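**Student:** data_39.pdb is reproduced below (PDB, C-alpha atoms, pLDDT in the B column).
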```pdb
ATOM      1  CA  MET Q 222      40.367 108.478 -21.983  1.00 63.00           C
ATOM      2  CA  ARG Q 223      40.516 105.684 -24.479  1.00 77.00           C
ATOM      3  CA  LEU Q 224      43.544 107.119 -26.201  1.00 75.00           C
ATOM      4  CA  TRP Q 225      45.229 107.459 -22.836  1.00 78.00           C
ATOM      5  CA  SER Q 226      44.690 103.751 -21.975  1.00 79.00           C
ATOM      6  CA  VAL Q 227      46.053 102.680 -25.379  1.00 76.00           C
ATOM      7  CA  PHE Q 228      49.113 104.810 -24.745  1.00 76.00           C
ATOM      8  CA  VAL Q 229      49.627 103.294 -21.271  1.00 77.00           C
ATOM      9  CA  LEU Q 230      49.163  99.730 -22.557  1.00 78.00           C
ATOM     10  CA  GLY Q 231      51.580 100.411 -25.409  1.00 81.00           C
ATOM     11  CA  SER Q 232      54.176 101.811 -23.007  1.00 84.00           C
ATOM     12  CA  LEU Q 233      53.781  98.840 -20.673  1.00 83.00           C
ATOM     13  CA  GLY Q 234      54.168  96.467 -23.617  1.00 85.00           C
ATOM     14  CA  THR Q 235      57.338  98.258 -24.715  1.00 89.00           C
ATOM     15  CA  LEU Q 236      58.777  98.154 -21.174  1.00 86.00           C
ATOM     16  CA  LEU Q 237      57.967  94.462 -20.863  1.00 88.00           C
ATOM     17  CA  GLY Q 238      59.590  93.733 -24.228  1.00 87.00           C
ATOM     18  CA  GLN Q 239      62.736  95.631 -23.221  1.00 89.00           C
ATOM     19  CA  LYS Q 240      62.877  93.783 -19.904  1.00 87.00           C
ATOM     20  CA  LEU Q 241      62.637  90.401 -21.674  1.00 87.00           C
ATOM     21  CA  SER Q 242      65.269  91.450 -24.195  1.00 88.00           C
ATOM     22  CA  ASP Q 243      67.596  92.645 -21.435  1.00 88.00           C
ATOM     23  CA  THR Q 244      67.109  89.384 -19.523  1.00 90.00           C
ATOM     24  CA  ARG Q 245      67.983  87.315 -22.610  1.00 91.00           C
ATOM     25  CA  THR Q 246      71.029  89.479 -23.325  1.00 90.00           C
ATOM     26  CA  LEU Q 247      72.271  89.171 -19.731  1.00 91.00           C
ATOM     27  CA  ARG Q 248      71.759  85.395 -19.771  1.00 93.00           C
ATOM     28  CA  ARG Q 249      73.616  85.095 -23.091  1.00 93.00           C
ATOM     29  CA  ASP Q 250      76.477  87.282 -21.827  1.00 92.00           C
ATOM     30  CA  ARG Q 251      76.719  85.217 -18.632  1.00 94.00           C
ATOM     31  CA  LEU Q 252      76.869  81.965 -20.617  1.00 94.00           C
ATOM     32  CA  LEU Q 253      79.536  83.386 -22.926  1.00 94.00           C
ATOM     33  CA  ALA Q 254      81.588  84.532 -19.937  1.00 94.00           C
ATOM     34  CA  GLN Q 255      81.305  81.061 -18.358  1.00 94.00           C
ATOM     35  CA  GLU Q 256      82.414  79.389 -21.593  1.00 95.00           C
ATOM     36  CA  GLU Q 257      85.348  81.782 -21.936  1.00 96.00           C
ATOM     37  CA  ALA Q 258      86.344  81.067 -18.336  1.00 95.00           C
ATOM     38  CA  LYS Q 259      86.231  77.302 -18.994  1.00 95.00           C
ATOM     39  CA  VAL Q 260      88.399  77.663 -22.095  1.00 93.00           C
ATOM     40  CA  ARG Q 261      90.847  79.925 -20.265  1.00 94.00           C
ATOM     41  CA  LEU Q 262      91.034  77.529 -17.300  1.00 93.00           C
ATOM     42  CA  ALA Q 263      91.640  74.542 -19.584  1.00 90.00           C
ATOM     43  CA  ALA Q 264      94.412  76.445 -21.387  1.00 90.00           C
ATOM     44  CA  GLU Q 265      96.030  77.455 -18.089  1.00 92.00           C
ATOM     45  CA  ARG Q 266      95.844  73.896 -16.790  1.00 91.00           C
ATOM     46  CA  ALA Q 267      97.414  72.537 -19.983  1.00 90.00           C
ATOM     47  CA  THR Q 268     100.175  75.150 -19.732  1.00 91.00           C
ATOM     48  CA  LEU Q 269     100.899  74.138 -16.131  1.00 91.00           C
ATOM     49  CA  GLN Q 270     101.023  70.472 -17.156  1.00 91.00           C
ATOM     50  CA  ARG Q 271     103.390  71.204 -20.063  1.00 92.00           C
ATOM     51  CA  GLU Q 272     105.674  73.267 -17.829  1.00 92.00           C
ATOM     52  CA  ALA Q 273     105.685  70.579 -15.146  1.00 92.00           C
ATOM     53  CA  ILE Q 274     106.588  67.854 -17.637  1.00 92.00           C
ATOM     54  CA  MET Q 275     109.411  69.908 -19.169  1.00 92.00           C
ATOM     55  CA  GLU Q 276     110.793  70.704 -15.705  1.00 90.00           C
ATOM     56  CA  ILE Q 277     110.550  67.038 -14.716  1.00 91.00           C
ATOM     57  CA  GLN Q 278     112.403  65.939 -17.852  1.00 90.00           C
ATOM     58  CA  HIS Q 279     115.150  68.459 -17.172  1.00 87.00           C
ATOM     59  CA  ALA Q 280     115.410  67.465 -13.503  1.00 86.00           C
ATOM     60  CA  LEU Q 281     115.493  63.747 -14.309  1.00 86.00           C
ATOM     61  CA  GLU Q 282     118.439  64.260 -16.651  1.00 82.00           C
ATOM     62  CA  GLY Q 283     120.166  66.289 -13.936  1.00 79.00           C
ATOM     63  CA  SER Q 284     119.499  63.541 -11.427  1.00 79.00           C
ATOM     64  CA  MET Q 285     120.898  60.934 -13.785  1.00 78.00           C
ATOM     65  CA  ALA Q 286     124.025  63.034 -14.346  1.00 74.00           C
ATOM     66  CA  ALA Q 287     124.471  63.523 -10.596  1.00 70.00           C
ATOM     67  CA  ASN Q 288     124.240  59.776 -10.038  1.00 68.00           C
ATOM     68  CA  GLU Q 289     126.933  59.153 -12.629  1.00 66.00           C
ATOM     69  CA  LEU Q 290     129.677  60.691 -10.501  1.00 61.00           C
ATOM     70  CA  PRO Q 291     132.870  58.633 -10.412  1.00 62.00           C
ATOM     71  CA  HIS Q 292     132.692  55.836  -7.846  1.00 62.00           C
ATOM     72  CA  ARG Q 293     135.092  57.359  -5.290  1.00 67.00           C
ATOM     73  CA  ALA Q 294     134.119  61.003  -5.896  1.00 66.00           C
ATOM     74  CA  ARG Q 295     132.675  62.856  -2.928  1.00 71.00           C
ATOM     75  CA  PRO Q 296     130.144  65.556  -3.757  1.00 67.00           C
ATOM     76  CA  SER Q 297     130.777  68.980  -2.238  1.00 71.00           C
ATOM     77  CA  GLU Q 298     128.445  70.609   0.275  1.00 74.00           C
ATOM     78  CA  ARG Q 299     127.344  73.044  -2.420  1.00 73.00           C
ATOM     79  CA  PHE Q 300     126.585  70.163  -4.775  1.00 70.00           C
ATOM     80  CA  ARG Q 301     124.533  68.399  -2.079  1.00 68.00           C
ATOM     81  CA  ALA Q 302     122.617  71.593  -1.250  1.00 70.00           C
ATOM     82  CA  THR Q 303     121.837  72.180  -4.918  1.00 70.00           C
ATOM     83  CA  ALA Q 304     120.774  68.554  -5.321  1.00 71.00           C
ATOM     84  CA  THR Q 305     118.451  68.848  -2.311  1.00 71.00           C
ATOM     85  CA  VAL Q 306     116.789  71.981  -3.671  1.00 72.00           C
ATOM     86  CA  SER Q 307     116.481  70.349  -7.100  1.00 77.00           C
ATOM     87  CA  ALA Q 308     114.883  67.274  -5.552  1.00 78.00           C
ATOM     88  CA  LEU Q 309     112.337  69.445  -3.735  1.00 80.00           C
ATOM     89  CA  HIS Q 310     111.500  71.302  -6.941  1.00 83.00           C
ATOM     90  CA  LEU Q 311     111.205  68.001  -8.794  1.00 86.00           C
ATOM     91  CA  ARG Q 312     108.757  66.651  -6.221  1.00 87.00           C
ATOM     92  CA  ALA Q 313     106.717  69.870  -6.468  1.00 88.00           C
ATOM     93  CA  HIS Q 314     106.480  69.437 -10.247  1.00 89.00           C
ATOM     94  CA  ILE Q 315     105.545  65.778  -9.868  1.00 90.00           C
ATOM     95  CA  ALA Q 316     102.724  66.795  -7.510  1.00 90.00           C
ATOM     96  CA  ARG Q 317     101.371  69.121 -10.231  1.00 90.00           C
ATOM     97  CA  LEU Q 318     100.941  66.270 -12.723  1.00 90.00           C
ATOM     98  CA  GLU Q 319      97.298  65.373 -13.272  1.00 89.00           C
ATOM     99  CA  ASP Q 320      98.227  61.950 -14.647  1.00 90.00           C
ATOM    100  CA  ARG Q 321      98.765  60.130 -11.354  1.00 91.00           C
ATOM    101  CA  GLU Q 322     100.109  56.988 -13.033  1.00 93.00           C
ATOM    102  CA  LEU Q 323     102.776  59.048 -14.785  1.00 91.00           C
ATOM    103  CA  ALA Q 324     103.616  60.801 -11.504  1.00 91.00           C
ATOM    104  CA  ALA Q 325     103.947  57.416  -9.779  1.00 92.00           C
ATOM    105  CA  SER Q 326     106.307  56.247 -12.541  1.00 92.00           C
ATOM    106  CA  VAL Q 327     108.535  59.289 -12.038  1.00 90.00           C
ATOM    107  CA  LEU Q 328     108.615  58.719  -8.282  1.00 88.00           C
ATOM    108  CA  GLU Q 329     109.404  55.049  -8.846  1.00 89.00           C
ATOM    109  CA  TRP Q 330     112.350  55.973 -11.089  1.00 87.00           C
ATOM    110  CA  LEU Q 331     113.718  58.202  -8.346  1.00 84.00           C
ATOM    111  CA  GLY Q 332     114.094  55.106  -6.166  1.00 83.00           C
ATOM    112  CA  PRO Q 333     117.218  52.974  -6.112  1.00 81.00           C
ATOM    113  CA  HIS Q 334     118.494  51.240  -9.267  1.00 75.00           C
ATOM    114  CA  ARG Q 335     120.632  48.149  -9.666  1.00 78.00           C
ATOM    115  CA  ASP Q 336     123.176  49.971 -11.797  1.00 82.00           C
ATOM    116  CA  ALA Q 337     123.665  52.962 -14.068  1.00 80.00           C
ATOM    117  CA  ALA Q 338     122.691  51.012 -17.207  1.00 85.00           C
ATOM    118  CA  ALA Q 339     119.373  49.931 -15.688  1.00 86.00           C
ATOM    119  CA  ALA Q 340     118.741  53.497 -14.527  1.00 86.00           C
ATOM    120  CA  ARG Q 341     119.467  54.859 -18.027  1.00 88.00           C
ATOM    121  CA  THR Q 342     117.167  52.299 -19.667  1.00 90.00           C
ATOM    122  CA  ALA Q 343     114.363  53.070 -17.220  1.00 90.00           C
ATOM    123  CA  LEU Q 344     114.911  56.808 -17.677  1.00 90.00           C
ATOM    124  CA  ASP Q 345     114.748  56.538 -21.466  1.00 93.00           C
ATOM    125  CA  ALA Q 346     111.423  54.693 -21.240  1.00 93.00           C
ATOM    126  CA  LEU Q 347     110.082  57.222 -18.738  1.00 93.00           C
ATOM    127  CA  GLU Q 348     111.187  60.160 -20.889  1.00 93.00           C
ATOM    128  CA  ASP Q 349     109.417  58.592 -23.877  1.00 94.00           C
ATOM    129  CA  ARG Q 350     106.197  58.452 -21.832  1.00 94.00           C
ATOM    130  CA  LEU Q 351     106.659  62.039 -20.672  1.00 94.00           C
ATOM    131  CA  SER Q 352     107.292  63.186 -24.240  1.00 94.00           C
ATOM    132  CA  ARG Q 353     104.178  61.407 -25.541  1.00 93.00           C
ATOM    133  CA  HIS Q 354     102.111  62.989 -22.777  1.00 92.00           C
ATOM    134  CA  LEU Q 355     103.617  66.394 -23.576  1.00 91.00           C
ATOM    135  CA  ARG Q 356     102.865  66.019 -27.303  1.00 92.00           C
ATOM    136  CA  GLY Q 357      99.285  65.103 -26.383  1.00 90.00           C
ATOM    137  CA  LEU Q 358      98.962  68.264 -24.297  1.00 88.00           C
ATOM    138  CA  TYR Q 359     100.250  70.378 -27.171  1.00 87.00           C
ATOM    139  CA  ALA Q 360      97.912  68.628 -29.631  1.00 88.00           C
ATOM    140  CA  ASN Q 361      94.899  69.180 -27.351  1.00 80.00           C
ATOM    141  CA  GLY Q 362      95.904  72.794 -26.741  1.00 67.00           C
ATOM    142  CA  ALA Q 363      95.966  73.526 -30.468  1.00 57.00           C
ATOM    143  CA  ALA Q 364      92.473  72.081 -30.944  1.00 49.00           C
TER     144      ALA Q 364
END
```
What is this file in structure tokens?
**Tutor:**
Amino acid sequence: MRLWSVFVLGSLGTLLGQKLSDTRTLRRDRLLAQEEAKVRLAAERATLQREAIMEIQHALEGSMAANELPHRARPSERFRATATVSALHLRAHIARLEDRELAASVLEWLGPHRDAAAARTALDALEDRLSRHLRGLYANGAA
């Protein structure tokens, strides 16, 4: 009988040890999965920000070019339709920016300008800010 109770206690001890080990392994795996998800989410968010900034830069140059039409030139219906779609896409990209101050600056530039020279100067400054922000996103993504 004594040998039997030692065997039962030993088996229970082994089962308890396995249960504790399994619990620790599951907890560790869950924490690793959460950390991987955080890293993946941060990378996806940075990618979205980079794409939005590049699209905004491209659209701003297109907007500047469209505004530099000759004084008496009348844009075609196709040109106006394309410009409308481009403006909607630009606003969608602006909405994706996490830096609200930068987004506000882009929206402000889209407003009226005194003349083409003032618009170009403001655009150059804005593009510098966008480029610095983009370089920061790439630098943080590499880290």
**Student:** May I have the residues within 8 Å of region 347-351 of chain Q as a short mmCIF file (atom, residue, chain, number, x, y, z; two decimals) with C-alpha atoms, in the frame of the given file, using only C-alpha atoms and disregarding those fewer than 5 positions away in the same chain?
**Tutor:**
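Result file is part-v3.cif:
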```cif
data_model
loop_
_atom_site.label_atom_id
_atom_site.label_comp_id
_atom_site.auth_asym_id
_atom_site.auth_seq_id
_atom_site.Cartn_x
_atom_site.Cartn_y
_atom_site.Cartn_z
CA ILE Q 274 106.59 67.85 -17.64
CA GLN Q 278 112.40 65.94 -17.85
CA LEU Q 323 102.78 59.05 -14.78
CA SER Q 326 106.31 56.25 -12.54
CA VAL Q 327 108.54 59.29 -12.04
#
```
**Student:** Which residues would end up in the selection if the PyMOL selection byres ((chain Q and resi 270) around 9) were applied here, given that I need the answer as a list of chain:residue names?
**Tutor:** Q:Glu265, Q:Arg266, Q:Ala267, Q:Thr268, Q:Leu269, Q:Arg271, Q:Glu272, Q:Ala273, Q:Ile274, Q:Met275, Q:His314, Q:Arg317, Q:Leu318, Q:Glu319, Q:Leu355, Q:Leu358
**Student:** To one decimal place, how far is CA of His310 (chain Q) from CA of Tyr359 (chain Q) in Å?
**Tutor:** 23.2 Å
**Student:** Between Q:Leu233, Q:Gly357, Q:Trp225, Q:Leu331, which has the minimum distance to Glu282 (chain Q) (counting only C-alpha atoms)?
**Tutor:**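 With only C-alpha atoms as the atom set, the closest residue is Q:Leu331.
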**Student:** Looking at Q:Val229, Q:Leu309, Q:Ile315, Q:Ala264, which one is nearest to Ala360 (chain Q), with distances taken over all atoms listed in the file?
**Tutor:** Q:Ala264
**Student:** Grab the CA of Leu311 (chain Q) to CA of Ile277 (chain Q) distance for me, in Å with one decimal place.
**Tutor:**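 Between CA of Leu311 (chain Q) and CA of Ile277 (chain Q) the gap works out to 6.0 Å.
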**Student:** Just give me the gap between CA of Ala337 (chain Q) and CA of Ala313 (chain Q) in Å, one decimal is fine.
**Tutor:**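 Pair CA of Ala337 (chain Q) / CA of Ala313 (chain Q) returns 25.1 Å.
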**Student:** Counting all atoms listed in the file, select every polymer residue within 9 Å of (113.8, 51.8, -11.6) as defined in the file's coordinates, and provide the selection as JSON, numbers by chain.
**Tutor:** {"Q": [326, 329, 330, 331, 332, 333, 334, 335, 339, 340, 342, 343, 344]}
**Student:** Create the file for the chosen residues now, containing C-alpha atoms and written as an mmCIF file, in the coordinates of the input.
**Tutor:**
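again-v3.cif, written as the output of this step:
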```
data_model
loop_
_atom_site.group_PDB
_atom_site.id
_atom_site.type_symbol
_atom_site.label_atom_id
_atom_site.label_comp_id
_atom_site.auth_asym_id
_atom_site.auth_seq_id
_atom_site.Cartn_x
_atom_site.Cartn_y
_atom_site.Cartn_z
ATOM 1 C CA SER Q 326 106.307 56.247 -12.541
ATOM 2 C CA GLU Q 329 109.404 55.049 -8.846
ATOM 3 C CA TRP Q 330 112.350 55.973 -11.089
ATOM 4 C CA LEU Q 331 113.718 58.202 -8.346
ATOM 5 C CA GLY Q 332 114.094 55.106 -6.166
ATOM 6 C CA PRO Q 333 117.218 52.974 -6.112
ATOM 7 C CA HIS Q 334 118.494 51.240 -9.267
ATOM 8 C CA ARG Q 335 120.632 48.149 -9.666
ATOM 9 C CA ALA Q 339 119.373 49.931 -15.688
ATOM 10 C CA ALA Q 340 118.741 53.497 -14.527
ATOM 11 C CA THR Q 342 117.167 52.299 -19.667
ATOM 12 C CA ALA Q 343 114.363 53.070 -17.220
ATOM 13 C CA LEU Q 344 114.911 56.808 -17.677
#
```
